[in-house]
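What follows is a set of notes on a single structure, which appears directly below.
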Amino acid sequence: MRLEIVADDGQRAALAKAHGLLAVDAFEATLLAETWQHDGVRLTGRVKARITQQCVVTLEPVEADIDEPVDLVLVPEIADDRIRATIGHEIVIDVDDPDDPDTFSGDGIDAGAIAEEFFALAIDPYPRGDGAEIEPSTDAAADDENPSPFAELARLKRGGNA
């Protein structure tokens with residue numbers, strides 16, 4: 001089953017508020033839901049969005065595009081218990097292996113919530129505008145008044161004198 005999600009103005013405003021953004025100008029998800037094994041579901045597709053965030057250096061608006069791939073396997077909670085029972089007590093984790101399936105309860109999956117989760121994970125937590133840099137302190141007097149903790153440790157190691 002192919003799923004198309006396009007957020008309206010109210011939904012985009014709610015997304016911006018929920019994720020601390022200045023604006024969400026566009027949000028859409030295209031997902032394909034397929035059966036996985038006996039009773040699971042595999043969702044694949046993309047979440048795309050156009051957002052405006054606040055630069056962490058200048059506090060100016062920064063626009064960004066999100067284009068996040070979605071690849072997720074979900075199984076009913078009962079099936080998850082069966083999968084975990086077959087694993088046994090020893091678990092070997094390989095970072096290249098796919099993640100364990102997520103679970104869902106009831107007879108439906110909230111594709112909108114899943115799209116929002118992938119959207120949230122793609123947001124840059126420290127956005128910077130073009131050329132925005134934090135300038136290191138060049139004030140020597142300020143450095144003498146507030147020496148770094150490591151400079152203090154070095155001074156103590158040398159005998160405690162300045």
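Ordering of the structure tokens sets the chain letters (A, B, ...), residue numbers begin anew at 1 in every chain, and ligands are numbered from 1 in the order given.
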List every residue of region 23-49 of chain A that has an atom at most 12 Å from any atom of region 115-134 of chain A, and for each one report the closest atom pair and its distance in Å to one decimal, counting only C-alpha atoms, with rows sorted by chain and then by increasing residue number, as a tab-separated table.
```
residue	atom	partner	partner_atom	distance
A:Val24	CA	A:Phe119	CA	10.9
A:Ala26	CA	A:Phe119	CA	11.6
A:Phe27	CA	A:Phe119	CA	8.8
A:Glu28	CA	A:Ala115	CA	8.5
A:Ala29	CA	A:Ala115	CA	6.5
A:Thr30	CA	A:Ala115	CA	9.0
A:Leu31	CA	A:Ala115	CA	8.7
A:Leu32	CA	A:Ala115	CA	11.9
A:Leu43	CA	A:Ala115	CA	10.1
A:Thr44	CA	A:Ala115	CA	10.5
A:Gly45	CA	A:Ala115	CA	9.6
A:Arg46	CA	A:Ala115	CA	8.4
A:Val47	CA	A:Ala115	CA	6.3
A:Lys48	CA	A:Phe119	CA	7.8
A:Ala49	CA	A:Phe119	CA	7.7
```
Can those selected residues be exported to a file as an mmCIF file, in the first residue's frame so that it contains N, CA, C and O atoms?
```cif
data_model
loop_
_atom_site.group_PDB
_atom_site.id
_atom_site.type_symbol
_atom_site.label_atom_id
_atom_site.label_comp_id
_atom_site.auth_asym_id
_atom_site.auth_seq_id
_atom_site.Cartn_x
_atom_site.Cartn_y
_atom_site.Cartn_z
ATOM 1 N N VAL A 24 7.906 25.494 9.555
ATOM 2 C CA VAL A 24 7.966 24.334 8.666
ATOM 3 C C VAL A 24 7.181 24.755 7.429
ATOM 4 O O VAL A 24 5.960 24.881 7.477
ATOM 5 N N ALA A 26 7.213 23.254 4.381
ATOM 6 C CA ALA A 26 6.688 22.119 3.616
ATOM 7 C C ALA A 26 7.000 20.844 4.385
ATOM 8 O O ALA A 26 8.029 20.753 5.059
ATOM 9 N N PHE A 27 6.092 19.879 4.294
ATOM 10 C CA PHE A 27 6.299 18.569 4.918
ATOM 11 C C PHE A 27 5.511 17.547 4.124
ATOM 12 O O PHE A 27 4.300 17.695 3.946
ATOM 13 N N GLU A 28 6.221 16.549 3.632
ATOM 14 C CA GLU A 28 5.538 15.462 2.931
ATOM 15 C C GLU A 28 6.298 14.168 3.141
ATOM 16 O O GLU A 28 7.518 14.163 3.331
ATOM 17 N N ALA A 29 5.563 13.094 3.128
ATOM 18 C CA ALA A 29 6.161 11.761 3.249
ATOM 19 C C ALA A 29 5.510 10.856 2.216
ATOM 20 O O ALA A 29 4.298 10.889 2.022
ATOM 21 N N THR A 30 6.333 10.082 1.563
ATOM 22 C CA THR A 30 5.864 9.065 0.630
ATOM 23 C C THR A 30 6.374 7.732 1.161
ATOM 24 O O THR A 30 7.584 7.524 1.235
ATOM 25 N N LEU A 31 5.455 6.880 1.550
ATOM 26 C CA LEU A 31 5.824 5.607 2.171
ATOM 27 C C LEU A 31 5.160 4.447 1.431
ATOM 28 O O LEU A 31 4.061 4.580 0.902
ATOM 29 N N LEU A 32 5.841 3.326 1.436
ATOM 30 C CA LEU A 32 5.304 2.092 0.890
ATOM 31 C C LEU A 32 5.234 1.085 2.027
ATOM 32 O O LEU A 32 6.260 0.794 2.668
ATOM 33 N N LEU A 43 7.979 -0.522 6.291
ATOM 34 C CA LEU A 43 7.727 0.795 5.709
ATOM 35 C C LEU A 43 9.013 1.308 5.092
ATOM 36 O O LEU A 43 10.052 1.352 5.751
ATOM 37 N N THR A 44 8.955 1.688 3.833
ATOM 38 C CA THR A 44 10.093 2.296 3.156
ATOM 39 C C THR A 44 9.594 3.555 2.455
ATOM 40 O O THR A 44 8.412 3.691 2.148
ATOM 41 N N GLY A 45 10.509 4.472 2.227
ATOM 42 C CA GLY A 45 10.137 5.692 1.520
ATOM 43 C C GLY A 45 11.011 6.855 1.934
ATOM 44 O O GLY A 45 12.162 6.681 2.334
ATOM 45 N N ARG A 46 10.433 8.071 1.874
ATOM 46 C CA ARG A 46 11.183 9.286 2.182
ATOM 47 C C ARG A 46 10.283 10.280 2.896
ATOM 48 O O ARG A 46 9.088 10.367 2.627
ATOM 49 N N VAL A 47 10.916 11.048 3.769
ATOM 50 C CA VAL A 47 10.278 12.204 4.395
ATOM 51 C C VAL A 47 11.034 13.424 3.902
ATOM 52 O O VAL A 47 12.263 13.485 4.014
ATOM 53 N N LYS A 48 10.292 14.387 3.344
ATOM 54 C CA LYS A 48 10.904 15.610 2.833
ATOM 55 C C LYS A 48 10.243 16.805 3.504
ATOM 56 O O LYS A 48 9.026 16.801 3.721
ATOM 57 N N ALA A 49 11.064 17.800 3.819
ATOM 58 C CA ALA A 49 10.530 18.997 4.466
ATOM 59 C C ALA A 49 11.433 20.186 4.179
ATOM 60 O O ALA A 49 12.615 20.029 3.850
#
```
Residues flagged alpha helix (DSSP H) by DSSP in region 13-78 of chain A, as a PyMOL selection string: chain A and resi 13-18+77-78
Computed interatomic separation between CA of Glu34 (chain A) and CA of Asp71 (chain A) (Å):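 Separation of CA of Glu34 (chain A) and CA of Asp71 (chain A): 11.2 Å.
CA of Ala33 (chain A) is positioned 26.0 Å from CA of Asp9 (chain A).
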Interatomic distance (Å, one decimal) between CA of Ala14 (chain A) and CA of Asp65 (chain A): 18.0 Å
